[in-house]
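Colleague: Can you read through this structure? Questions will come right after.
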Amino acid sequence: MTHVEDELNSQPECWIRAAEQAGRHAAVLPAPGERVAIVGCGTSYFMAQAVAALREGAGQGETDAFAASEFPYGRSYDRVVALTRSGTTTEVLDLLEQVKGRTHTTALTADPATPVMSAADDLVVLDFADERSVVQTRFATTALTLLRAHLGLHSDAAVADARTALATPFPQGLVECTQFTFLGRGWTVGLANEAGLKMREASLSWTEAYPAMEYRHGPISVSAAGTATWMLGAAPDGLAEQVRATGALWVAGGLDPLAELVRVHRLAVAVAAARGLDPDQPRHLTRSVILAS
């Protein structure tokens, strides 16, 4: 078993621990009414997109998500939340240094012995969800689970669905597809973006991700026999029928959307294996991006 397989299989247990700890960390997480920016790089940026949509949708306050390198320093926020598995990512550390003393910062990380520990004002350490793999799975979903629980949006059903996602066979022909499109709505747009990234990283697949309603404004033109379109969450009326009419395989997201992402994690590993690739050794990637000064 690869590192990434072992880590993705442990996600239900990690989510349980994260939900249990949410209350303990409530004082350093965004309070209702705060104006908040959530930042990250790569997978963490896409988790930030999901959290921002969830928080605003829950009426907790204005919330923006940014890639750390694209943070708008001219804007004013009550708190910046940084998601960084490694605690060493250059862009995140640079951002925290630049806002220090004028904006309160909270970092969610997996490693308690890294520079982010002194760079952020407050910390949430999810060391039980740390990973050996380059490709993120359980840290990202565990951090999102903690923040969902903080917002009162996590339930035991999500954990049960994650277990189902780990045990359910894929639709016939899915692993053999040559192209994958992932769709989301609201907070699941971030999950769709992450699903596409995971497939690219682990299996070198041609993947795309869109808000579900935008898919019909051009991207559906790539759909054909031998491709797959996967919906994370409830689909707009009529979309499944339109996809099937192209000849593409339609994958409905019937589980909790975060559990659907677990299914995608499994698919990435399965496609990598079918193509003779090692998902623990993704091409051109390292566990953390540290830029030379």
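By order in the structure tokens, chains are A, B, ...; within a chain, residues start at 1; ligands start at 1, following the order shown.
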Hey, which bits of stretch 175-201 of chain A sit within 12 Å of stretch 30-44 of chain A, and for each residue what's the closest pair of atoms and how far apart in Å (one decimal), counting only C-alpha atoms, rows by chain and increasing number, as a Markdown table?
Modeller:
```
| residue | atom | partner | partner_atom | distance |
| --- | --- | --- | --- | --- |
| A:Gly190 | CA | A:Thr43 | CA | 9.2 |
| A:Leu191 | CA | A:Thr43 | CA | 9.3 |
| A:Ala192 | CA | A:Thr43 | CA | 11.0 |
| A:Asn193 | CA | A:Thr43 | CA | 8.6 |
| A:Glu194 | CA | A:Thr43 | CA | 5.9 |
| A:Ala195 | CA | A:Thr43 | CA | 9.2 |
| A:Gly196 | CA | A:Thr43 | CA | 10.2 |
| A:Leu197 | CA | A:Thr43 | CA | 7.5 |
| A:Lys198 | CA | A:Thr43 | CA | 8.3 |
| A:Met199 | CA | A:Thr43 | CA | 11.9 |
| A:Arg200 | CA | A:Thr43 | CA | 11.9 |
| A:Glu201 | CA | A:Thr43 | CA | 10.6 |
```
Colleague: Quick one: residues within 9 Å of A:Ala272, only C-alpha atoms counted, chain neighbours fewer than 3 positions away excluded, as a PyMOL selection string?
Modeller: chain A and resi 199+202-205+267-269+275-279
Colleague: Restricted to N, CA, C and O atoms, what would the selected residues look like written as a compact mmCIF listing (two decimals), in the first residue's frame?
Modeller:
```
# COMPACT_ATOMS: atom_id res chain seq x y z
N MET A 199 -6.34 14.59 -9.19
CA MET A 199 -6.20 13.69 -10.33
C MET A 199 -4.98 14.05 -11.18
O MET A 199 -4.28 13.15 -11.67
N ALA A 202 -1.66 13.01 -8.93
CA ALA A 202 -1.41 11.59 -8.67
C ALA A 202 -1.36 10.74 -9.93
O ALA A 202 -0.64 9.75 -9.98
N SER A 203 -2.15 11.11 -10.96
CA SER A 203 -2.27 10.22 -12.11
C SER A 203 -2.00 10.90 -13.45
O SER A 203 -2.17 10.28 -14.49
N LEU A 204 -1.57 12.17 -13.43
CA LEU A 204 -1.26 12.91 -14.66
C LEU A 204 -2.45 12.97 -15.61
O LEU A 204 -2.28 12.99 -16.83
N SER A 205 -3.64 12.99 -15.04
CA SER A 205 -4.85 12.98 -15.86
C SER A 205 -5.18 14.37 -16.40
O SER A 205 -4.86 15.40 -15.79
N LEU A 267 -10.00 7.31 -6.71
CA LEU A 267 -9.91 7.22 -8.15
C LEU A 267 -8.53 7.64 -8.64
O LEU A 267 -7.96 7.00 -9.54
N ALA A 268 -7.97 8.68 -8.06
CA ALA A 268 -6.65 9.14 -8.46
C ALA A 268 -5.61 8.04 -8.30
O ALA A 268 -4.76 7.83 -9.18
N VAL A 269 -5.68 7.32 -7.19
CA VAL A 269 -4.75 6.23 -6.94
C VAL A 269 -4.99 5.09 -7.93
O VAL A 269 -4.05 4.49 -8.47
N ARG A 275 -2.08 3.19 -14.92
CA ARG A 275 -1.14 3.78 -15.87
C ARG A 275 0.32 3.49 -15.51
O ARG A 275 1.24 4.04 -16.12
N GLY A 276 0.52 2.67 -14.47
CA GLY A 276 1.87 2.32 -14.08
C GLY A 276 2.62 3.43 -13.37
O GLY A 276 3.86 3.46 -13.37
N LEU A 277 1.89 4.34 -12.72
CA LEU A 277 2.49 5.48 -12.01
C LEU A 277 2.50 5.23 -10.51
O LEU A 277 1.67 4.48 -9.99
N ASP A 278 3.44 5.86 -9.82
CA ASP A 278 3.53 5.79 -8.37
C ASP A 278 2.97 7.08 -7.79
O ASP A 278 3.61 8.14 -7.91
N PRO A 279 1.78 7.05 -7.15
CA PRO A 279 1.20 8.29 -6.63
C PRO A 279 2.01 8.90 -5.49
O PRO A 279 1.80 10.06 -5.15
```
Colleague: I need the residues of stretch 10-117 of chain A that end up classed as strand (DSSP E) by DSSP on the backbone, written out as a PyMOL selection string.
Modeller: chain A and resi 36-40+63-67+79-84+104-109
Colleague: Taking only stretch 79-244 of chain A into account, list the residues labelled alpha helix (DSSP H) by DSSP (computed from the backbone), as a ChimeraX atom specification.
Modeller: /A:90-99,116-119,138-150,156-167,188-203,239-244
Colleague: Calculated over only C-alpha atoms, which of the candidates A:Pro72, A:Gly226, A:Gly61, A:Gly184 has the smallest distance to A:Ala209?
Modeller: A:Gly184
Colleague: Skip A:Thr168 itself and residues of its chain fewer than 4 positions away, then list as a PyMOL selection string all residues within 9 Å of it, counting only C-alpha atoms.
Modeller: chain A and resi 163-164+263
Colleague: Can I get the selection written as a PDB file, in the first residue's frame, with N, CA, C and O atoms?
Modeller:
```
ATOM      1  N   ARG A 163     -16.797   6.562   5.004  1.00  0.00           N
ATOM      2  CA  ARG A 163     -16.553   5.113   5.052  1.00  0.00           C
ATOM      3  C   ARG A 163     -17.188   4.418   3.850  1.00  0.00           C
ATOM      4  O   ARG A 163     -16.613   3.493   3.268  1.00  0.00           O
ATOM      5  N   THR A 164     -18.366   4.888   3.468  1.00  0.00           N
ATOM      6  CA  THR A 164     -19.006   4.344   2.271  1.00  0.00           C
ATOM      7  C   THR A 164     -18.153   4.629   1.035  1.00  0.00           C
ATOM      8  O   THR A 164     -17.983   3.773   0.158  1.00  0.00           O
ATOM      9  N   ARG A 263     -13.824   9.730  -2.519  1.00  0.00           N
ATOM     10  CA  ARG A 263     -13.952   8.832  -3.681  1.00  0.00           C
ATOM     11  C   ARG A 263     -12.989   9.254  -4.788  1.00  0.00           C
ATOM     12  O   ARG A 263     -12.380   8.405  -5.457  1.00  0.00           O
TER      13      ARG A 263
END
```
Colleague: How many Å separate atom CA of A:Thr246 from atom CA of A:His217?
Modeller: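 Going from atom CA of A:Thr246 over to atom CA of A:His217, I get 14.6 Å.
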Colleague: Can you work out the spacing between atom CA of A:Pro171 and atom CA of A:Asn9 in Å, to one decimal?
Modeller: 19.5 Å
Colleague: Enumerate, in order of chain and increasing residue number, the residues of stretch 137-184 of chain A with an atom no farther than 9 Å from stretch 80-104 of chain A, each with its shortest atom pair and distance in Å to one decimal, counting only C-alpha atoms, as a Markdown table.
Modeller:
```
| residue | atom | partner | partner_atom | distance |
| --- | --- | --- | --- | --- |
| A:Phe139 | CA | A:Arg85 | CA | 6.7 |
| A:Ala140 | CA | A:Arg85 | CA | 7.8 |
| A:Ala143 | CA | A:Leu83 | CA | 8.0 |
```
Colleague: Let's have the selection written as a compact mmCIF listing (two decimals), in the first residue's frame, with C-alpha atoms.
Modeller:
```txt
# COMPACT_ATOMS: atom_id res chain seq x y z
CA PHE A 139 -4.78 16.90 6.22
CA ALA A 140 -6.87 18.94 3.80
CA ALA A 143 -8.77 20.85 8.40
```
Colleague: One decimal, in Å: what's the spacing between atom CA of A:Ala259 and atom CA of A:Ser221?
Modeller: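 Between atom CA of A:Ala259 and atom CA of A:Ser221 the gap is 28.1 Å.
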Colleague: Determine the nearest neighbour of A:Tyr45 from the options A:Leu144, A:Ala27, A:Gln11, A:His265, counting only C-alpha atoms.
Modeller: A:Leu144
